[in-house]
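Asks: Just one file: work.txt, with compact mmCIF, C-alpha atoms.
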```txt
# COMPACT_ATOMS: atom_id res chain seq x y z
CA MET B 1 0.00 0.00 0.00
CA ASN B 2 1.48 3.30 -1.08
CA ARG B 3 0.11 6.01 1.16
CA SER B 4 0.99 8.75 -1.30
CA GLY B 5 -1.64 7.39 -3.72
CA SER B 6 0.79 7.24 -6.65
CA ILE B 7 1.52 4.28 -8.91
CA VAL B 8 4.92 2.56 -9.08
CA ALA B 9 6.27 0.81 -12.16
CA PHE B 10 9.24 -1.54 -12.08
CA ILE B 11 10.91 -1.91 -15.49
CA ASP B 12 13.39 -4.61 -16.47
CA LEU B 13 14.98 -4.47 -19.93
CA ALA B 14 16.07 -8.05 -20.59
CA GLY B 15 18.61 -7.94 -23.39
CA LEU B 16 19.64 -4.28 -23.31
CA TYR B 17 23.35 -5.16 -23.19
CA ALA B 18 22.93 -8.01 -25.65
CA ALA B 19 21.16 -5.67 -28.09
CA CYS B 20 24.32 -3.58 -28.27
CA GLU B 21 26.34 -6.56 -29.57
CA SER B 22 26.74 -7.20 -33.31
CA TYR B 23 24.59 -10.33 -33.58
CA ASP B 24 21.34 -11.22 -35.32
CA VAL B 25 18.22 -10.67 -33.20
CA ASN B 26 17.28 -14.35 -33.56
CA THR B 27 20.59 -15.49 -32.02
CA PRO B 28 20.37 -16.53 -28.36
CA LEU B 29 23.09 -14.43 -26.74
CA ALA B 30 24.40 -13.87 -23.23
CA VAL B 31 26.82 -11.19 -22.06
CA LEU B 32 29.31 -12.73 -19.63
CA LYS B 33 31.17 -11.04 -16.80
CA ASP B 34 33.37 -13.15 -14.53
CA GLY B 35 31.75 -16.30 -15.92
CA VAL B 36 28.21 -15.18 -15.04
CA CYS B 37 25.43 -14.00 -17.38
CA LEU B 38 25.16 -10.28 -16.75
CA ASP B 39 22.48 -9.93 -19.45
CA VAL B 40 20.76 -12.12 -22.04
CA SER B 41 19.06 -11.43 -25.35
CA ARG B 42 15.31 -11.66 -25.88
CA LYS B 43 15.72 -15.00 -27.70
CA ALA B 44 17.84 -16.47 -24.88
CA TYR B 45 15.48 -15.07 -22.23
CA CYS B 46 12.48 -16.75 -23.82
CA SER B 47 14.50 -20.00 -23.88
CA GLY B 48 14.80 -19.89 -20.09
CA VAL B 49 18.27 -18.35 -19.67
CA ARG B 50 18.35 -15.82 -16.84
CA MET B 51 20.73 -13.16 -15.59
CA ASN B 52 23.15 -14.34 -12.87
CA MET B 53 23.25 -17.85 -14.33
CA THR B 54 26.69 -19.37 -14.84
CA ARG B 55 28.00 -20.20 -18.30
CA ARG B 56 27.43 -23.91 -17.66
CA GLN B 57 23.80 -23.41 -16.51
CA ALA B 58 23.06 -21.30 -19.60
CA LEU B 59 24.50 -23.99 -21.91
CA LEU B 60 22.42 -26.71 -20.24
CA ILE B 61 19.23 -24.72 -20.82
CA CYS B 62 20.11 -23.42 -24.30
CA PRO B 63 22.89 -25.47 -26.00
CA ASN B 64 23.15 -23.13 -29.02
CA ILE B 65 23.61 -19.96 -26.98
CA VAL B 66 26.40 -17.53 -27.99
CA PHE B 67 28.48 -15.71 -25.39
CA ALA B 68 29.87 -12.17 -25.64
CA LYS B 69 32.41 -10.64 -23.28
CA TYR B 70 31.25 -7.73 -21.12
CA CYS B 71 32.51 -4.34 -22.31
CA GLU B 72 31.24 -1.38 -20.28
CA GLY B 73 31.82 1.22 -22.97
CA LYS B 74 29.34 -0.46 -25.32
CA TYR B 75 26.32 -0.19 -23.04
CA THR B 76 26.64 3.11 -21.20
CA ALA B 77 24.96 5.15 -23.94
CA SER B 78 21.97 2.75 -24.22
CA SER B 79 21.49 2.61 -20.45
CA ARG B 80 21.62 6.39 -20.13
CA ARG B 81 19.18 6.70 -23.03
CA PHE B 82 16.75 4.36 -21.24
CA LEU B 83 16.95 6.32 -17.96
CA ASP B 84 16.74 9.67 -19.74
CA ILE B 85 13.49 8.56 -21.43
CA LEU B 86 12.01 7.57 -18.07
CA TYR B 87 13.12 10.89 -16.57
CA ASN B 88 11.31 12.73 -19.38
CA HIS B 89 8.05 11.11 -18.22
CA SER B 90 8.58 11.33 -14.46
CA PRO B 91 10.98 13.30 -12.24
CA VAL B 92 11.15 10.40 -9.74
CA VAL B 93 13.32 7.62 -11.21
CA GLU B 94 15.30 5.19 -9.04
CA PRO B 95 17.76 3.04 -11.04
CA ILE B 96 18.52 -0.41 -9.60
CA SER B 97 20.99 -1.41 -12.30
CA PRO B 98 21.76 -0.10 -15.81
CA ASN B 99 18.75 -2.00 -17.20
CA GLN B 100 16.35 -1.91 -14.23
CA ALA B 101 14.56 1.00 -12.58
CA PHE B 102 11.59 2.04 -10.47
CA VAL B 103 9.57 5.03 -11.64
CA ARG B 104 6.73 6.82 -9.84
CA LEU B 105 3.70 7.75 -11.95
CA SER B 106 0.32 9.34 -11.30
CA GLY B 107 -2.03 6.47 -12.22
CA ASN B 108 -2.59 3.21 -14.16
CA ALA B 109 -3.51 5.00 -17.38
CA ASP B 110 -0.44 7.20 -17.10
CA ALA B 111 1.71 4.12 -16.41
CA GLU B 112 0.54 2.25 -19.48
CA ALA B 113 0.94 5.31 -21.70
CA THR B 114 4.42 5.99 -20.29
CA LEU B 115 5.59 2.43 -20.84
CA GLN B 116 4.24 2.37 -24.38
CA ALA B 117 6.02 5.65 -25.11
CA THR B 118 9.25 4.35 -23.53
CA ARG B 119 9.14 1.27 -25.73
CA ALA B 120 8.57 3.39 -28.83
CA GLU B 121 11.40 5.81 -27.96
CA LEU B 122 13.81 2.90 -27.48
CA SER B 123 13.27 1.72 -31.06
CA GLY B 124 16.37 0.58 -32.83
CA LEU B 125 17.29 -2.00 -30.18
CA SER B 126 16.05 -5.55 -29.68
CA PHE B 127 15.07 -6.62 -26.17
CA LEU B 128 12.21 -7.78 -23.96
CA MET B 129 10.75 -5.02 -21.79
CA LEU B 130 9.13 -6.42 -18.64
CA ALA B 131 7.12 -4.05 -16.48
CA GLY B 132 5.04 -4.48 -13.34
CA VAL B 133 2.64 -1.76 -12.19
CA ALA B 134 1.25 -1.58 -8.64
CA SER B 135 0.94 0.79 -5.69
CA SER B 136 4.33 -0.06 -4.15
CA LYS B 137 7.88 -1.05 -5.06
CA PHE B 138 7.46 -4.46 -3.43
CA VAL B 139 4.36 -5.51 -5.37
CA SER B 140 5.46 -4.05 -8.72
CA ARG B 141 8.80 -5.87 -8.69
CA ALA B 142 7.25 -9.11 -7.43
CA ALA B 143 4.76 -8.96 -10.32
CA THR B 144 7.59 -8.42 -12.81
CA VAL B 145 9.68 -11.32 -11.49
CA GLN B 146 6.68 -13.64 -11.44
CA MET B 147 5.75 -12.65 -14.98
CA ALA B 148 9.33 -13.27 -16.17
CA ASP B 149 9.30 -16.79 -14.74
CA GLN B 150 5.93 -17.59 -16.30
CA ILE B 151 7.12 -16.34 -19.69
CA SER B 152 10.23 -18.53 -19.50
CA MET B 153 8.00 -21.54 -18.81
CA GLY B 154 5.79 -20.70 -21.79
CA GLN B 155 2.88 -19.53 -19.67
CA GLY B 156 0.96 -16.29 -19.73
CA ALA B 157 0.88 -14.28 -16.54
CA GLU B 158 -2.46 -13.12 -15.23
CA GLY B 159 -3.03 -9.46 -16.07
CA MET B 160 -0.18 -9.48 -18.57
CA GLU B 161 -0.53 -7.61 -21.83
CA GLU B 162 2.02 -8.31 -24.53
CA VAL B 163 2.70 -5.79 -27.25
CA SER B 164 5.41 -6.79 -29.68
CA GLY B 165 7.54 -5.42 -32.19
CA ILE B 166 8.68 -1.89 -32.74
CA ASP B 167 12.05 -2.70 -34.29
CA GLY B 168 12.32 -5.85 -32.20
CA VAL B 169 11.15 -4.34 -28.91
CA SER B 170 8.54 -6.36 -27.02
CA LEU B 171 6.64 -5.03 -24.02
CA CYS B 172 5.15 -7.39 -21.43
CA LEU B 173 3.10 -5.43 -18.93
CA ALA B 174 1.58 -6.80 -15.72
CA VAL B 175 -0.83 -4.40 -14.02
CA VAL B 176 -1.80 -5.56 -10.51
CA ARG B 177 -5.35 -4.29 -10.02
CA ASN B 178 -6.35 -6.44 -7.03
CA GLU B 179 -3.29 -6.47 -4.79
CA LYS B 180 -4.88 -8.42 -1.95
CA GLU B 181 -5.75 -11.32 -4.24
CA PHE B 182 -2.37 -11.11 -5.98
CA LEU B 183 -0.44 -11.26 -2.70
CA GLU B 184 -2.45 -14.14 -1.28
CA ARG B 185 -1.48 -16.37 -4.24
CA LEU B 186 2.14 -15.17 -4.31
CA ARG B 187 4.75 -17.80 -3.48
CA VAL B 188 7.30 -17.17 -0.75
CA SER B 189 10.14 -17.25 -3.32
CA TYR B 190 8.82 -13.98 -4.82
CA LEU B 191 9.28 -12.02 -1.58
CA TRP B 192 12.34 -10.28 -3.03
CA LYS B 193 12.73 -7.97 -0.03
CA VAL B 194 13.06 -10.97 2.31
CA PRO B 195 16.55 -12.54 2.67
CA GLN B 196 16.88 -15.86 0.88
CA GLU B 197 17.79 -17.74 4.05
CA VAL B 198 14.51 -16.56 5.62
CA GLN B 199 12.57 -17.66 2.52
CA LEU B 200 14.14 -21.14 2.77
CA LYS B 201 13.32 -21.33 6.47
CA LEU B 202 9.69 -20.39 5.81
CA GLU B 203 9.42 -23.12 3.18
CA ALA B 204 11.08 -25.60 5.56
CA LEU B 205 8.35 -24.76 8.08
CA GLY B 206 5.75 -25.71 5.47
CA ILE B 207 4.80 -22.13 4.57
CA LYS B 208 4.65 -21.88 0.78
CA THR B 209 2.45 -18.86 0.01
CA VAL B 210 1.84 -15.36 1.33
CA GLU B 211 -1.66 -16.35 2.39
CA GLU B 212 -0.18 -18.94 4.76
CA ILE B 213 2.21 -16.34 6.19
CA SER B 214 -0.67 -13.92 6.85
CA ARG B 215 -2.24 -16.48 9.22
CA VAL B 216 0.82 -16.36 11.49
CA PRO B 217 0.58 -13.70 14.25
CA LYS B 218 3.13 -10.90 14.10
CA VAL B 219 4.48 -11.86 17.53
CA LYS B 220 5.38 -15.35 16.28
CA LEU B 221 7.09 -13.97 13.16
CA VAL B 222 9.15 -11.56 15.27
CA GLU B 223 10.08 -14.34 17.70
CA GLN B 224 11.26 -16.50 14.79
CA PHE B 225 12.95 -13.93 12.55
CA GLY B 226 13.45 -10.80 14.66
CA ARG B 227 13.13 -7.44 12.87
CA VAL B 228 12.72 -9.19 9.50
CA GLY B 229 9.63 -10.93 10.89
CA GLY B 230 7.92 -7.58 11.48
CA GLU B 231 8.79 -6.49 7.94
CA ILE B 232 7.35 -9.71 6.54
CA HIS B 233 4.11 -9.13 8.47
CA ASP B 234 3.74 -5.70 6.82
CA LEU B 235 4.79 -6.78 3.31
CA VAL B 236 2.32 -9.65 3.04
CA ARG B 237 -0.42 -7.13 3.81
CA GLY B 238 0.78 -4.79 1.06
CA ILE B 239 2.38 -2.26 3.42
CA ASP B 240 5.65 -1.03 1.93
CA ASN B 241 7.00 2.25 3.29
CA ASP B 242 10.01 2.20 0.99
CA TYR B 243 9.01 4.88 -1.51
CA VAL B 244 10.63 5.47 -4.89
CA LYS B 245 13.65 7.72 -4.40
CA GLN B 246 14.64 10.46 -6.79
CA ALA B 247 18.04 9.01 -7.76
CA TYR B 248 18.33 10.06 -11.39
CA PRO B 249 19.93 11.96 -12.99
CA PRO B 250 23.01 11.49 -10.82
CA PRO B 251 24.59 14.64 -9.36
CA GLU B 252 27.10 16.34 -11.61
CA VAL B 253 29.03 19.58 -11.90
CA VAL B 254 28.68 21.50 -15.15
CA GLY B 255 30.89 24.26 -16.49
CA ARG B 256 30.69 26.06 -19.81
CA VAL B 257 32.69 28.53 -21.83
CA SER B 258 31.34 30.59 -24.72
CA PHE B 259 33.51 32.29 -27.29
CA ASP B 260 32.77 35.74 -28.72
CA GLY B 261 31.00 34.77 -31.92
CA SER B 262 32.97 31.60 -32.64
CA THR B 263 36.56 30.47 -33.00
CA ASP B 264 38.63 27.83 -34.69
CA SER B 265 41.89 28.80 -32.95
CA THR B 266 43.47 25.90 -31.09
CA GLU B 267 45.09 28.22 -28.55
CA VAL B 268 41.83 30.02 -27.77
CA ILE B 269 40.00 26.72 -27.33
CA LYS B 270 42.75 25.39 -25.04
CA ARG B 271 42.60 28.51 -22.88
CA GLY B 272 38.81 28.23 -22.72
CA LEU B 273 39.07 24.58 -21.60
CA GLU B 274 41.62 25.56 -18.97
CA VAL B 275 39.33 28.26 -17.55
CA VAL B 276 36.26 26.02 -17.33
CA CYS B 277 38.26 23.10 -15.86
CA PHE B 278 39.56 25.38 -13.09
CA ARG B 279 35.98 26.42 -12.31
CA VAL B 280 34.78 22.81 -12.21
CA SER B 281 37.77 21.78 -10.09
CA GLY B 282 37.05 24.57 -7.61
CA GLU B 283 33.45 23.44 -7.25
CA LEU B 284 34.51 19.81 -6.74
CA ARG B 285 37.04 20.75 -4.09
CA SER B 286 34.55 22.95 -2.26
CA ARG B 287 32.32 19.87 -2.00
CA GLY B 288 35.27 17.72 -0.92
CA CYS B 289 34.72 15.23 -3.73
CA GLY B 290 36.12 14.06 -7.04
CA ALA B 291 34.63 13.05 -10.39
CA GLY B 292 34.56 9.56 -11.86
CA SER B 293 33.64 10.58 -15.40
CA ILE B 294 33.76 13.57 -17.73
CA ARG B 295 31.67 14.52 -20.76
CA VAL B 296 32.61 17.25 -23.23
CA GLU B 297 29.95 18.74 -25.50
CA VAL B 298 30.92 21.12 -28.30
CA ALA B 299 28.45 23.45 -30.07
CA LEU B 300 29.53 24.43 -33.58
CA GLU B 301 28.62 27.55 -35.54
CA ASN B 302 26.55 25.51 -38.01
CA GLY B 303 24.27 24.24 -35.20
CA GLU B 304 25.88 20.81 -34.92
CA ARG B 305 26.70 19.41 -31.46
CA LEU B 306 29.44 16.85 -30.81
CA THR B 307 30.06 14.90 -27.60
CA ALA B 308 32.81 12.71 -26.19
CA SER B 309 33.29 11.20 -22.74
CA ARG B 310 35.79 9.34 -20.59
CA VAL B 311 35.60 7.26 -17.39
CA PHE B 312 38.41 7.78 -14.87
CA PRO B 313 40.11 4.79 -13.20
CA PHE B 314 39.76 6.72 -9.92
CA ARG B 315 38.02 9.97 -8.99
CA LYS B 316 39.81 13.17 -9.95
CA SER B 317 39.44 16.81 -8.97
CA SER B 318 42.73 18.36 -10.13
CA PRO B 319 42.25 21.10 -12.76
CA ILE B 320 45.31 19.85 -14.68
CA ALA B 321 43.94 16.30 -14.81
CA LEU B 322 40.50 17.52 -15.89
CA LYS B 323 42.00 19.78 -18.57
CA THR B 324 44.17 16.95 -19.95
CA VAL B 325 41.23 14.57 -20.29
CA ALA B 326 38.91 17.29 -21.62
CA TRP B 327 41.41 18.15 -24.35
CA ALA B 328 41.75 14.43 -25.19
CA CYS B 329 37.95 14.25 -25.55
CA PHE B 330 37.90 17.34 -27.75
CA SER B 331 40.74 16.04 -29.93
CA SER B 332 38.97 12.70 -30.43
CA MET B 333 35.86 14.32 -31.95
CA PRO B 334 35.75 13.65 -35.69
CA GLY B 335 34.55 16.11 -38.27
CA ILE B 336 34.78 19.49 -36.52
CA SER B 337 33.95 21.25 -39.75
CA ALA B 338 32.88 24.64 -38.36
CA PRO B 339 34.12 27.14 -35.75
CA VAL B 340 33.32 26.41 -32.11
CA GLU B 341 30.72 28.56 -30.32
CA GLU B 342 30.52 26.90 -26.90
CA ILE B 343 32.06 24.06 -24.89
CA VAL B 344 30.21 22.41 -21.99
CA ILE B 345 32.07 20.15 -19.57
CA SER B 346 30.07 17.89 -17.24
CA VAL B 347 31.70 15.73 -14.57
CA GLY B 348 29.68 12.99 -12.91
CA GLU B 349 29.84 9.92 -10.65
CA LEU B 350 30.80 12.22 -7.82
CA GLY B 351 32.20 10.81 -4.61
CA LYS B 352 34.81 11.32 -1.94
CA ALA B 353 38.19 11.81 -3.55
CA GLU B 354 41.17 9.86 -2.26
CA GLY B 355 43.29 12.02 0.03
CA ALA B 356 40.79 14.91 -0.07
CA GLN B 357 41.58 17.66 2.42
CA ILE B 358 39.01 20.02 3.88
CA PRO B 359 39.97 23.63 3.01
CA LEU B 360 41.45 25.74 5.81
CA PRO B 361 38.89 28.12 7.35
CA LEU B 362 40.51 31.30 6.04
CA GLY B 363 38.96 34.74 6.08
CA PRO B 364 38.63 36.95 2.97
CA ALA B 365 41.67 39.03 3.95
CA ASP B 366 43.84 35.94 4.29
CA MET B 367 42.90 34.70 0.84
CA ASN B 368 44.86 37.62 -0.63
CA THR B 369 48.05 37.13 1.37
CA ARG B 370 50.91 34.72 0.95
CA VAL B 371 52.21 34.93 4.53
CA PRO B 372 52.09 31.39 5.97
CA ALA B 373 52.20 32.64 9.59
CA ARG B 374 48.99 34.66 9.21
CA ARG B 375 47.24 31.79 7.44
CA LEU B 376 48.29 29.36 10.16
CA GLU B 377 47.33 31.74 12.97
CA TYR B 378 43.86 32.36 11.55
CA ALA B 379 43.35 28.63 10.96
CA VAL B 380 44.31 27.70 14.54
CA VAL B 381 42.06 30.39 16.07
CA SER B 382 39.11 29.42 13.84
CA LEU B 383 39.48 25.73 14.61
CA SER B 384 39.82 26.39 18.36
CA ASN B 385 36.51 28.27 18.28
CA ARG B 386 34.89 25.55 16.26
CA TYR B 387 36.26 22.61 18.30
CA SER B 388 36.53 24.29 21.72
CA GLY B 389 38.26 22.16 24.36
CA ASP B 390 39.29 19.58 21.80
CA ALA B 391 41.77 21.41 19.61
CA VAL B 392 45.10 23.11 19.77
CA THR B 393 44.75 26.56 21.38
CA ARG B 394 47.02 29.50 20.65
CA GLY B 395 49.09 30.93 23.51
CA SER B 396 52.13 33.10 24.16
CA ASN B 397 54.35 30.04 24.68
CA LEU B 398 53.36 28.38 21.43
CA LYS B 399 56.63 27.25 19.90
CA THR B 400 56.65 24.72 17.10
CA SER B 401 59.26 23.45 14.73
CA ARG B 402 59.23 24.35 11.04
CA ARG B 403 58.23 20.76 10.27
CA GLU B 404 55.31 21.01 12.69
CA GLU B 405 54.13 24.26 11.06
CA LEU B 406 54.15 22.67 7.61
CA LEU B 407 52.28 19.62 8.87
CA SER B 408 49.73 21.88 10.54
CA LEU B 409 49.16 23.74 7.27
CA TRP B 410 48.32 20.43 5.66
CA ASP B 411 46.29 19.03 8.55
CA PRO B 412 45.50 21.73 11.13
CA ILE B 413 43.71 19.39 13.54
CA ARG B 414 46.35 16.64 13.58
CA ALA B 415 47.13 17.32 17.25
CA LYS B 416 43.56 17.87 18.40
CA SER B 417 44.05 15.83 21.57
CA ARG B 418 46.70 18.26 22.95
CA SER B 419 46.14 21.71 24.43
CA ILE B 420 49.16 23.98 24.51
CA LYS B 421 49.04 26.92 26.95
```
Reformat the file's structure so that it appears as C-alpha cells.

Replies:
Amino acid sequence: MNRSGSIVAFIDLAGLYAACESYDVNTPLAVLKDGVCLDVSRKAYCSGVRMNMTRRQALLICPNIVFAKYCEGKYTASSRRFLDILYNHSPVVEPISPNQAFVRLSGNADAEATLQATRAELSGLSFLMLAGVASSKFVSRAATVQMADQISMGQGAEGMEEVSGIDGVSLCLAVVRNEKEFLERLRVSYLWKVPQEVQLKLEALGIKTVEEISRVPKVKLVEQFGRVGGEIHDLVRGIDNDYVKQAYPPPEVVGRVSFDGSTDSTEVIKRGLEVVCFRVSGELRSRGCGAGSIRVEVALENGERLTASRVFPFRKSSPIALKTVAWACFSSMPGISAPVEEIVISVGELGKAEGAQIPLPLGPADMNTRVPARRLEYAVVSLSNRYSGDAVTRGSNLKTSRREELLSLWDPIRAKSRSIK
C-alpha cells in the first residue's frame, strides 16, 4: 500500500546489453562477466536463460547460446538513453541497475501510456521489456519477477498484456489491479525484499504462500525472525513504506565557456578549456569530492553538437587532470567542420576523492596574502573556536618546529588531543 496514492512501475529491460552486440536478433546471446550471465538477449530469455546464471547453466538450458564478453563502454549510452526517457516522463526515477529502474507515476492510465512511449522511444534496439505496475515497489517488482518466470515456462501471466515489435522491442506489462488477491497467491520465493535464508526457512516450516504467512501472528514472526519478521508481516499485507527515491539523474558539476561569436583557434580553445576546468575543479574541491567521469559537449557555428566522454580509473578533482582529459575528448571528436561557439564540460559519478583535504577556514583578507604565519594563525584560532576544548589553542608560549608548522598547514587538527598553553 502506497500512502501517497501514486503508482509505481518496475521496469526490467532483458537484453539491453545483448542488443548492443553485433549479432542477429534471432541469435540466443548472453553477455558474460566473470563467468556469469550479466544480461541475455530476448531470444535467450524466452528459452529460459536468466541473468546471474553461470556459463554452464546457460549452456544446459540453451545449447546453441552464444556468449559475448562484457565491455562497459558499449552499453553506457543505451542505459543512459533508457533512464533519460524515463526521466522525461517522471521526475522520480530510481535506477537499480543499468537496465532496471523504479519510476513513480500518477495512475494506471499514465503508467501504461508511459511504458508504451518508452518502448517506442527505445526503437532501434532488440530486447524484452518487462514491467510491473502496482501501488508499491514491493508488489510491482514481485509482479515483474513472477511474470518473467511464467514467460520462460511458456505460460501467460495473469493481467499481462504483450505488445510486440517496434524494431524488435517487445513489451510485457503486468498491471496488478487487485493487490490483496495477488499477494495471497504469491509464493514465498517472490518475496524479493526478504533474505533468501529466511525464505528457505519459511518453506522448511511448510509455509509456501503469502496467504499462509498472513495467518501467522506478528508476535510469532518476530520471535522466529526478529526485525525481519515484522517487515514480513507488513509486506504480506501490502504495506511497503520504501518509496521510490529520486536518484536520477546522478549529481554532476557542469561548467561552460562561450567564445565571442565563434573560434577555430586551437590556442583560444585550449585557454577556454583551462578556464572552465579550473571552475569545475574549484566546485569539486569545495564539495570535498572528485569526479569519476567527464563529458565534453561542443556546439559548432553551423548548429551541430558533438560529444565525447571518458571514465576515470579513480576519482579526480585536479584542474590539470580535468583539462588533460577534456582536451583528449575534444581532440577525439571527428569532423569538426565549423568554428566552435561553446564548450560544456560535465563531470559525474561524484564521490569522496582519495586524500581529499578540507579547506582551511581562512577569512577573505587571508585569501589575498601569501604569509604562511597569518594563514596558520587564523586557521588555529578558527578551529579552536569551532572545536573548543578539543583542539590546539594558541598561547604566548606556542613554539613549534618548522616541520610542525608545515604539517599543521596540511592538517590543522592533527594534534587535536593536545592543548598547549

Asks: Can you pull out every residue within 10 Å of B:Ser140, counting all atoms listed in the file, but drop anything in the same chain fewer than 6 positions away, and send it as JSON, numbers by chain?

Replies: {"B": [7, 8, 9, 10, 11, 102, 131, 132, 133, 134, 174, 175, 176, 179]}

Asks: Just checking: using only C-alpha atoms, which residue out of B:Ser106, B:Gln199, B:Asn302, B:Thr27 ends up closest to B:Ser262?

Replies: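 The answer is B:Asn302, which sits nearest to B:Ser262.
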
Asks: Would you work out the distance separating atom CA of B:Lys74 from atom CA of B:Val298, expressed in Å to one decimal?

Replies: 21.8 Å

Asks: Enter the distance from atom CA of B:Ile213 to atom CA of B:Lys193, in Å, rounded to one decimal.

Replies: 14.8 Å

Asks: Counting only C-alpha atoms, which of B:Ser47, B:Pro95, B:Cys71, B:Leu83 gets nearest to B:Asp149?

Replies: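 Counting only C-alpha atoms, the residue closest to B:Asp149 is B:Ser47.
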